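For reference, the structure discussed in these notes is given below.
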There are 2 protein chains.
Amino acid sequence: MASLIELLQGIVGAPNVLTAAADMAPSLADWRGRYHGTAQAVVRPATTAELAAVVATCAHAGVPMVPQGGNTGLCGGATPLADGRAVVIGMGRMNRVRALDVDNGTICVEAGCTLASVQGAAAAEDLLFPLSLASEGSCQIGGNLSTNAGGVQVLRYGNMRELVLGLEVVLPDGRIWDGLRGLRKDNTGYDLKHLFVGAEGTLGIITAAVLKLFPLPRARATAWVGVPDPRAAVHLLRLMRDACGERVSAFEIVGRSALELVLAHIPRARAPLARGHDWGVLLELTDPQLDSGLATKLEQALAVAMARGLVLDAVLATSEAQAAELWVLREQISEAQRLEGVSIKHDISVPVSRIPEFLERTKAVLEARYAGVRIVAFGHIGDGNLHYNLSQPLVEANAAFIARTAEINRIVHDEVAALGGSISAEHGLGQLKRDEILRYKSEVELDMMRAVKRALDPLGLMNPGKVLPLRA
Amino acid sequence: MASLIELLQGIVGAPNVLTAAADMAPSLADWRGRYHGTAQAVVRPATTAELAAVVATCAHAGVPMVPQGGNTGLCGGATPLADGRAVVIGMGRMNRVRALDVDNGTICVEAGCTLASVQGAAAAEDLLFPLSLASEGSCQIGGNLSTNAGGVQVLRYGNMRELVLGLEVVLPDGRIWDGLRGLRKDNTGYDLKHLFVGAEGTLGIITAAVLKLFPLPRARATAWVGVPDPRAAVHLLRLMRDACGERVSAFEIVGRSALELVLAHIPRARAPLARGHDWGVLLELTDPQLDSGLATKLEQALAVAMARGLVLDAVLATSEAQAAELWVLREQISEAQRLEGVSIKHDISVPVSRIPEFLERTKAVLEARYAGVRIVAFGHIGDGNLHYNLSQPLVEANAAFIARTAEINRIVHDEVAALGGSISAEHGLGQLKRDEILRYKSEVELDMMRAVKRALDPLGLMNPGKVLPLRA
């Protein structure tokens, strides 16, 4: 009888079934090196039909499957477990743009397309695919969908979930669900695609998607604004949206510590304003029309905000180069913090209105317990989503601080929960928060999740141990 | 032992358990009088706790439950079956606005709130809840959610599904799922709320929701445009969005027959343009800023469109009153068609790019088979969604024409399916299209729907016979 490996070779060809340790290594750990697993093989199908045959074969053999895109995730969702039973399914060869429909404003792409390639295909037709992430050169659409990826333009265009109209999925038994509809409206039963978006590959493997495209922004106005406190930032956001509607496409808050880290570690970074402020906001308006008077609108709105005491100082970029300089201050925070040393990170959300309260409460608790702790808070305040990272007090050895990760997570996450928030706003659960979430989700909700998992993956073979704990 | 009725009276009070035929009658038929059912009782809970107790009691007794909002649906989804076993659960007493959070841009409302009352609560805070339907004075939020309601502003703001952030649901066993989160980002497991949106009450009963609010539009520019054909309308849409972005908030197409019906039957309706055209487009831009130069933008864009041959003639409303007159021509089509006599109606969608093809193909087939048939086509072309209604040839008795409904549905729906469309774009399946959909959904998709139904409602007691057929 043929072995599993032979069967898989028969489907995708021997060169696309990796079994040597060196060949598999890049697929067996996450890029940050926090998770390490083992696997029987890494299989790389080229088509939906091949993938369906791979899944049917694994299912028949009772072998767990771990779908993997660009392997850029932050929660260990794409790393196999340590038991070595799984087959990793690498999606990178399924990277065709199947169709682009200008008049429908849609693109149909395979799961292994990189995000950048999809952005590029849209731009070639003068259209925008708005999802944008630091990892866009290597992350793949299947991973973006499976983690419901976010980023800085969610405020205007929504998460990945809002950007998808249809999916093709290989189900855990190897059947293919063709839900590749390009429809804005379809009310013919349960909306199954939303089950797979954000499911981290635990219910099936997304193989292709129909995504929404938008008019390409041609005008842009960017400003860095010093605000007195997060409450002012929240009110400024409302004022800006009231004045400029959907043209507000980014609204990012940056705390003083975050900005100082960037200025200390990133050579090309320059202080945006003459005086330092406790909180800065990077905001951007875009418009499809070139002569849309965006800069004037932005100036007028900021003048109103200044008169109301919501803005202390502001600088408007007068060129694309200057706008790019302002974006460096936001986009290089993670890198600057990496250079500073390992930190304790959180990706949380609360209602936008409760961001100020979250920051005040959590700071008070943390500073009382950990004198000198440095709070590096920044992120998508327009979505209520903060990256809330903690660096050790300057006098303390970092290892001792990092050893307290679990207790610090507990403090931060309990504050988030008390304000009706989420302990994973845009990164997912994976392995990292799979057990932590058990404290915050109701038993009713966990029961429903388990019921859905059992209904679609009764054998429990799809990416086991991610999102939900392994079954006892 | 207490009877079911006594148990229900104990929960909600005797006056809120209706059993007399006259009292129940309004709840046992749909408003168009197409569906008639019977029930043991109509129960009217006032709180989520009462509803949970009602559901637990019915579940324990094995009694089917039919949730009912404003009873304005078009597919019989809220009408009980004829077997008389069910209890109808009227949601109208659960009509509180629980919270409105201006800085978060959210409102938390109970399922029994009318759509108009939610719009009003938002407007009182200078905010917009954008869903808008002809029935908004009586339809309820629970029904809007359960049918994923659409309307004329979907183009800009999305369907009901896109407008909801969190839900509270009583599950089929009477447990309460508190998913009332007001978060823009939450990636902690399967997104369960999307299962209940559009499920027509077959998986549980939505009791409350957190909905998104938007800046109130203060400027508006409205135009009626004669276009040479639907292809020109599709290209005009792209041109308008490219020029004006999200400010394009309505883009409705109206065929000549539809306009003529309105002009014939609605006394206050007046022809919008001096000459008649085969196709008209009603389009509207809105902006939160009063002095946003919308009318100028609209004029400029239409001038470009005219130069490209996409527009034959156009009139811009110069006052709110004139804009309202133009909207009469769109909003009174259904009423005009009702006055003309019963017609055969369809609520279909295809990709926007394929609307012209759909219209050409279907017209050719229908006119070949039914000489003189009058095609009344109109609707949300920006969403690919047409109301495609057929009136009898003027020489034919209407009853004979209506008798052919099934064969005509088959022709229209087959054309829709061939173009990758949906046979129910915004009305749902209910009883009306429950069996028809079996022809168009794949067995894989039906299997997944049944698996979800079994997982969440294993006893099959929630609104049986809607969306999915009764179990054999």
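Ordering of the structure tokens sets the chain letters (A, B, ...), residue numbers begin anew at 1 in every chain, and ligands are numbered from 1 in the order given.
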May I have the residues within 12 Å of Met306 of chain B as a PDB file with N, CA, C and O atoms, in the first residue's frame, using only C-alpha atoms and disregarding those fewer than 3 positions away in the same chain?
ATOM      1  N   VAL B 225     -31.143  61.530 -14.713  1.00  0.00           N
ATOM      2  CA  VAL B 225     -30.310  61.497 -15.901  1.00  0.00           C
ATOM      3  C   VAL B 225     -30.900  60.500 -16.893  1.00  0.00           C
ATOM      4  O   VAL B 225     -31.209  59.369 -16.515  1.00  0.00           O
ATOM      5  N   GLY B 226     -31.063  60.932 -18.146  1.00  0.00           N
ATOM      6  CA  GLY B 226     -31.440  59.988 -19.190  1.00  0.00           C
ATOM      7  C   GLY B 226     -30.178  59.371 -19.780  1.00  0.00           C
ATOM      8  O   GLY B 226     -29.237  60.091 -20.132  1.00  0.00           O
ATOM      9  N   VAL B 227     -30.137  58.039 -19.843  1.00  0.00           N
ATOM     10  CA  VAL B 227     -28.946  57.370 -20.377  1.00  0.00           C
ATOM     11  C   VAL B 227     -29.356  56.513 -21.572  1.00  0.00           C
ATOM     12  O   VAL B 227     -30.505  56.079 -21.657  1.00  0.00           O
ATOM     13  N   PRO B 228     -28.428  56.275 -22.501  1.00  0.00           N
ATOM     14  CA  PRO B 228     -28.801  55.517 -23.703  1.00  0.00           C
ATOM     15  C   PRO B 228     -29.142  54.058 -23.399  1.00  0.00           C
ATOM     16  O   PRO B 228     -30.032  53.499 -24.053  1.00  0.00           O
ATOM     17  N   ALA B 232     -24.320  52.178 -20.380  1.00  0.00           N
ATOM     18  CA  ALA B 232     -23.917  53.557 -20.099  1.00  0.00           C
ATOM     19  C   ALA B 232     -24.124  53.869 -18.615  1.00  0.00           C
ATOM     20  O   ALA B 232     -23.310  54.568 -17.992  1.00  0.00           O
ATOM     21  N   ALA B 233     -25.201  53.324 -18.032  1.00  0.00           N
ATOM     22  CA  ALA B 233     -25.457  53.569 -16.606  1.00  0.00           C
ATOM     23  C   ALA B 233     -24.326  52.993 -15.750  1.00  0.00           C
ATOM     24  O   ALA B 233     -23.854  53.628 -14.809  1.00  0.00           O
ATOM     25  N   HIS B 235     -21.236  52.497 -16.671  1.00  0.00           N
ATOM     26  CA  HIS B 235     -20.026  53.311 -16.842  1.00  0.00           C
ATOM     27  C   HIS B 235     -20.168  54.674 -16.163  1.00  0.00           C
ATOM     28  O   HIS B 235     -19.204  55.210 -15.634  1.00  0.00           O
ATOM     29  N   LEU B 236     -21.383  55.213 -16.171  1.00  0.00           N
ATOM     30  CA  LEU B 236     -21.623  56.474 -15.468  1.00  0.00           C
ATOM     31  C   LEU B 236     -21.367  56.300 -13.969  1.00  0.00           C
ATOM     32  O   LEU B 236     -20.785  57.168 -13.317  1.00  0.00           O
ATOM     33  N   LEU B 239     -17.695  56.402 -13.389  1.00  0.00           N
ATOM     34  CA  LEU B 239     -17.209  57.787 -13.545  1.00  0.00           C
ATOM     35  C   LEU B 239     -17.563  58.627 -12.318  1.00  0.00           C
ATOM     36  O   LEU B 239     -16.740  59.382 -11.798  1.00  0.00           O
ATOM     37  N   GLU B 299     -22.459  68.610 -11.478  1.00  0.00           N
ATOM     38  CA  GLU B 299     -22.563  69.202 -12.828  1.00  0.00           C
ATOM     39  C   GLU B 299     -21.333  68.883 -13.672  1.00  0.00           C
ATOM     40  O   GLU B 299     -21.444  68.495 -14.833  1.00  0.00           O
ATOM     41  N   GLN B 300     -20.168  69.069 -13.059  1.00  0.00           N
ATOM     42  CA  GLN B 300     -18.925  68.814 -13.797  1.00  0.00           C
ATOM     43  C   GLN B 300     -18.839  67.358 -14.241  1.00  0.00           C
ATOM     44  O   GLN B 300     -18.513  67.055 -15.393  1.00  0.00           O
ATOM     45  N   ALA B 301     -19.150  66.456 -13.322  1.00  0.00           N
ATOM     46  CA  ALA B 301     -19.051  65.029 -13.657  1.00  0.00           C
ATOM     47  C   ALA B 301     -20.052  64.672 -14.754  1.00  0.00           C
ATOM     48  O   ALA B 301     -19.741  63.899 -15.676  1.00  0.00           O
ATOM     49  N   LEU B 302     -21.252  65.245 -14.675  1.00  0.00           N
ATOM     50  CA  LEU B 302     -22.255  64.941 -15.699  1.00  0.00           C
ATOM     51  C   LEU B 302     -21.855  65.520 -17.055  1.00  0.00           C
ATOM     52  O   LEU B 302     -22.134  64.917 -18.097  1.00  0.00           O
ATOM     53  N   ALA B 303     -21.185  66.675 -17.050  1.00  0.00           N
ATOM     54  CA  ALA B 303     -20.717  67.262 -18.313  1.00  0.00           C
ATOM     55  C   ALA B 303     -19.699  66.328 -18.971  1.00  0.00           C
ATOM     56  O   ALA B 303     -19.748  66.091 -20.188  1.00  0.00           O
ATOM     57  N   GLY B 309     -20.831  60.515 -24.116  1.00  0.00           N
ATOM     58  CA  GLY B 309     -22.003  59.808 -24.632  1.00  0.00           C
ATOM     59  C   GLY B 309     -22.688  58.914 -23.610  1.00  0.00           C
ATOM     60  O   GLY B 309     -23.540  58.105 -23.966  1.00  0.00           O
ATOM     61  N   LEU B 310     -22.320  59.058 -22.344  1.00  0.00           N
ATOM     62  CA  LEU B 310     -22.952  58.224 -21.319  1.00  0.00           C
ATOM     63  C   LEU B 310     -24.272  58.809 -20.834  1.00  0.00           C
ATOM     64  O   LEU B 310     -25.094  58.117 -20.242  1.00  0.00           O
ATOM     65  N   VAL B 311     -24.456  60.109 -21.082  1.00  0.00           N
ATOM     66  CA  VAL B 311     -25.646  60.809 -20.605  1.00  0.00           C
ATOM     67  C   VAL B 311     -26.280  61.543 -21.782  1.00  0.00           C
ATOM     68  O   VAL B 311     -25.585  62.223 -22.536  1.00  0.00           O
ATOM     69  N   LEU B 312     -27.611  61.386 -21.924  1.00  0.00           N
ATOM     70  CA  LEU B 312     -28.313  62.059 -23.019  1.00  0.00           C
ATOM     71  C   LEU B 312     -28.888  63.393 -22.576  1.00  0.00           C
ATOM     72  O   LEU B 312     -28.890  64.366 -23.328  1.00  0.00           O
ATOM     73  N   ASP B 313     -29.374  63.424 -21.366  1.00  0.00           N
ATOM     74  CA  ASP B 313     -29.992  64.638 -20.843  1.00  0.00           C
ATOM     75  C   ASP B 313     -30.012  64.494 -19.331  1.00  0.00           C
ATOM     76  O   ASP B 313     -29.937  63.376 -18.806  1.00  0.00           O
ATOM     77  N   ALA B 314     -30.094  65.604 -18.621  1.00  0.00           N
ATOM     78  CA  ALA B 314     -30.074  65.520 -17.160  1.00  0.00           C
ATOM     79  C   ALA B 314     -30.763  66.721 -16.563  1.00  0.00           C
ATOM     80  O   ALA B 314     -30.778  67.811 -17.152  1.00  0.00           O
TER      81      ALA B 314
END
- Item | Residues within 7 Å of Ile141 of chain B, only C-alpha atoms, excluding chain neighbours under 2 positions, as a ChimeraX atom specification | /B:111-115,139,143-145
Mind dumping the selected residues with all heavy atoms as a compact mmCIF listing (two decimals), in the first residue's frame?
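For reference, again29.txt as written:
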# COMPACT_ATOMS: atom_id res chain seq x y z
N ALA B 111 -34.48 44.63 19.67
CA ALA B 111 -34.93 44.14 18.37
C ALA B 111 -36.28 44.69 17.95
O ALA B 111 -36.57 44.80 16.77
CB ALA B 111 -34.97 42.61 18.38
N GLY B 112 -37.12 45.04 18.93
CA GLY B 112 -38.46 45.50 18.60
C GLY B 112 -38.56 46.98 18.28
O GLY B 112 -39.65 47.48 17.98
N CYS B 113 -37.44 47.71 18.31
CA CYS B 113 -37.47 49.11 17.88
C CYS B 113 -37.82 49.18 16.41
O CYS B 113 -37.28 48.42 15.60
CB CYS B 113 -36.09 49.75 18.06
SG CYS B 113 -35.62 50.05 19.77
N THR B 114 -38.68 50.13 16.03
CA THR B 114 -38.88 50.32 14.60
C THR B 114 -37.64 50.97 14.00
O THR B 114 -36.89 51.67 14.69
CB THR B 114 -40.08 51.24 14.30
OG1 THR B 114 -39.81 52.53 14.84
CG2 THR B 114 -41.37 50.69 14.89
N LEU B 115 -37.45 50.73 12.72
CA LEU B 115 -36.31 51.34 12.04
C LEU B 115 -36.39 52.87 12.15
O LEU B 115 -35.38 53.54 12.42
CB LEU B 115 -36.31 50.89 10.57
CG LEU B 115 -35.29 51.54 9.64
CD1 LEU B 115 -33.88 51.47 10.20
CD2 LEU B 115 -35.36 50.88 8.26
N CYS B 139 -41.42 48.43 10.21
CA CYS B 139 -40.50 47.30 10.29
C CYS B 139 -39.60 47.47 11.51
O CYS B 139 -39.38 48.57 11.98
CB CYS B 139 -39.66 47.15 9.02
SG CYS B 139 -38.48 48.48 8.73
N GLY B 143 -36.12 42.31 12.58
CA GLY B 143 -36.43 41.82 11.25
C GLY B 143 -35.44 42.33 10.22
O GLY B 143 -35.03 41.60 9.32
N ASN B 144 -35.03 43.58 10.35
CA ASN B 144 -34.02 44.14 9.43
C ASN B 144 -32.74 43.31 9.50
O ASN B 144 -32.11 43.02 8.48
CB ASN B 144 -33.68 45.59 9.80
CG ASN B 144 -34.85 46.55 9.68
OD1 ASN B 144 -34.91 47.54 10.40
ND2 ASN B 144 -35.79 46.27 8.81
N LEU B 145 -32.36 42.92 10.72
CA LEU B 145 -31.15 42.11 10.88
C LEU B 145 -31.37 40.69 10.35
O LEU B 145 -30.52 40.14 9.65
CB LEU B 145 -30.76 42.04 12.35
CG LEU B 145 -30.13 43.32 12.92
CD1 LEU B 145 -30.22 43.33 14.44
CD2 LEU B 145 -28.67 43.44 12.47
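Note that the spacing between atom CA of Asn104 of chain B and atom CA of Asp287 of chain B amounts to 20.2 Å.
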- Task: Provide as a PyMOL selection string the residues of chain A at most 6 Å from chain B, counting only C-alpha atoms.
- Result: chain A and resi 103-104+182-188+190+199+215+242-243+288-289+351-353+383+422+424-426+428-429+451+455
- Task: Per DSSP on the backbone, filter segment 79-320 of chain B down to the residues in helix (DSSP H, G or I) and report them as an MDAnalysis selection string.
- Result: chainID B and resid 115:123 141:146 154:157 160:163 193:196 230:247 256:265 294:307 320
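Nearest to Pro458 of chain A of all the residues A:Cys75, A:Leu100, A:Arg471, A:Gly341 is A:Arg471, counting only C-alpha atoms.
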At a cut-off of 10 Å, using only C-alpha atoms, what residues contact Thr72 of chain A? Leave out same-chain residues fewer than 6 positions from it and give the result as a PDB file with N, CA, C and O atoms, in the first residue's frame.
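Okay, this is what ended up in result.pdb:
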ATOM      1  N   ASP A  30       7.460  30.173  13.369  1.00  0.00           N
ATOM      2  CA  ASP A  30       6.968  31.483  12.943  1.00  0.00           C
ATOM      3  C   ASP A  30       8.155  32.418  12.753  1.00  0.00           C
ATOM      4  O   ASP A  30       9.254  32.158  13.246  1.00  0.00           O
ATOM      5  N   TRP A  31       7.936  33.527  12.067  1.00  0.00           N
ATOM      6  CA  TRP A  31       9.061  34.397  11.681  1.00  0.00           C
ATOM      7  C   TRP A  31       9.701  35.077  12.878  1.00  0.00           C
ATOM      8  O   TRP A  31      10.855  35.488  12.825  1.00  0.00           O
ATOM      9  N   ARG A  32       8.961  35.191  13.987  1.00  0.00           N
ATOM     10  CA  ARG A  32       9.578  35.791  15.157  1.00  0.00           C
ATOM     11  C   ARG A  32      10.303  34.756  16.007  1.00  0.00           C
ATOM     12  O   ARG A  32      10.908  35.089  17.019  1.00  0.00           O
ATOM     13  N   ALA A  78      -0.022  29.617  12.206  1.00  0.00           N
ATOM     14  CA  ALA A  78       0.385  28.845  11.024  1.00  0.00           C
ATOM     15  C   ALA A  78       1.506  27.858  11.333  1.00  0.00           C
ATOM     16  O   ALA A  78       2.006  27.192  10.427  1.00  0.00           O
ATOM     17  N   ALA A 134       2.430  46.055   7.115  1.00  0.00           N
ATOM     18  CA  ALA A 134       3.892  46.075   7.028  1.00  0.00           C
ATOM     19  C   ALA A 134       4.416  44.874   6.243  1.00  0.00           C
ATOM     20  O   ALA A 134       5.390  44.974   5.506  1.00  0.00           O
ATOM     21  N   SER A 135       3.753  43.742   6.369  1.00  0.00           N
ATOM     22  CA  SER A 135       4.245  42.506   5.747  1.00  0.00           C
ATOM     23  C   SER A 135       3.686  42.294   4.347  1.00  0.00           C
ATOM     24  O   SER A 135       3.755  41.185   3.809  1.00  0.00           O
ATOM     25  N   GLU A 136       3.167  43.338   3.699  1.00  0.00           N
ATOM     26  CA  GLU A 136       2.397  43.120   2.472  1.00  0.00           C
ATOM     27  C   GLU A 136       3.196  42.496   1.325  1.00  0.00           C
ATOM     28  O   GLU A 136       2.622  41.881   0.432  1.00  0.00           O
ATOM     29  N   SER A 138       5.107  39.922   1.613  1.00  0.00           N
ATOM     30  CA  SER A 138       5.188  38.462   1.759  1.00  0.00           C
ATOM     31  C   SER A 138       3.919  37.819   2.300  1.00  0.00           C
ATOM     32  O   SER A 138       3.667  36.638   2.053  1.00  0.00           O
ATOM     33  N   CYS A 139       3.093  38.555   3.031  1.00  0.00           N
ATOM     34  CA  CYS A 139       1.868  37.919   3.536  1.00  0.00           C
ATOM     35  C   CYS A 139       0.960  37.598   2.361  1.00  0.00           C
ATOM     36  O   CYS A 139       1.051  38.214   1.313  1.00  0.00           O
ATOM     37  N   GLN A 140       0.115  36.587   2.552  1.00  0.00           N
ATOM     38  CA  GLN A 140      -0.734  36.134   1.448  1.00  0.00           C
ATOM     39  C   GLN A 140      -2.210  36.364   1.763  1.00  0.00           C
ATOM     40  O   GLN A 140      -2.625  36.398   2.926  1.00  0.00           O
ATOM     41  N   GLY A 143      -3.987  34.103   4.185  1.00  0.00           N
ATOM     42  CA  GLY A 143      -3.692  34.429   5.580  1.00  0.00           C
ATOM     43  C   GLY A 143      -4.392  35.708   6.013  1.00  0.00           C
ATOM     44  O   GLY A 143      -4.916  35.801   7.127  1.00  0.00           O
ATOM     45  N   ASN A 144      -4.418  36.700   5.131  1.00  0.00           N
ATOM     46  CA  ASN A 144      -5.135  37.942   5.442  1.00  0.00           C
ATOM     47  C   ASN A 144      -6.604  37.655   5.751  1.00  0.00           C
ATOM     48  O   ASN A 144      -7.183  38.231   6.675  1.00  0.00           O
TER      49      ASN A 144
END
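The residue that comes closest to Arg44 of chain B, out of B:Ser334, B:Ser319, B:Ser249, B:Gln68 and on the basis of only C-alpha atoms, is B:Gln68.
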- Excluding segment 271-273 of chain B and any residue of its chain fewer than 2 positions from it, enumerate the residues within 10 Å of it, using only C-alpha atoms, and give them as an MDAnalysis selection string. chainID B and resid 223:226 259:260 262:263 269 275:277 280 313:316 322 325:326 329
- Query: Mind checking DSSP for segment 169-217 of chain A and telling me the strand (DSSP E or B) residues as a PyMOL selection string?
  - Reply: chain A and resi 169-170+176-179+205-212+214-215
Kindly export the residues of the current selection with C-alpha atoms, as an mmCIF file, in the first residue's frame.
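Generated file (again.cif):
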data_model
loop_
_atom_site.group_PDB
_atom_site.id
_atom_site.type_symbol
_atom_site.label_atom_id
_atom_site.label_comp_id
_atom_site.auth_asym_id
_atom_site.auth_seq_id
_atom_site.Cartn_x
_atom_site.Cartn_y
_atom_site.Cartn_z
ATOM 1 C CA VAL A 169 -12.909 26.874 0.231
ATOM 2 C CA VAL A 170 -11.709 23.294 0.450
ATOM 3 C CA ILE A 176 -14.796 22.181 -2.698
ATOM 4 C CA TRP A 177 -17.233 24.933 -1.799
ATOM 5 C CA ASP A 178 -17.532 27.339 -4.706
ATOM 6 C CA GLY A 179 -18.806 30.493 -3.049
ATOM 7 C CA ILE A 205 -8.784 26.077 3.660
ATOM 8 C CA ILE A 206 -9.589 29.225 1.703
ATOM 9 C CA THR A 207 -8.304 28.769 -1.855
ATOM 10 C CA ALA A 208 -9.595 31.875 -3.639
ATOM 11 C CA ALA A 209 -11.596 35.027 -2.981
ATOM 12 C CA VAL A 210 -13.497 37.782 -4.739
ATOM 13 C CA LEU A 211 -12.369 41.075 -3.203
ATOM 14 C CA LYS A 212 -13.759 44.607 -3.471
ATOM 15 C CA PHE A 214 -12.225 51.109 -4.815
ATOM 16 C CA PRO A 215 -11.480 54.278 -6.763
#
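The space between atom CA of Gly255 of chain A and atom CA of Gly73 of chain A spans 25.0 Å.
With atom CA of Asn463 of chain B on one side and atom CA of Asp83 of chain B on the other, the separation reads 12.7 Å.
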- Please provide the set of residues having any atom within 9 Å of Thr57 of chain B, restricted to only C-alpha atoms, with same-chain residues fewer than 6 positions apart removed, written as number ranges by chain. B: 4, 7-8, 63, 173-174
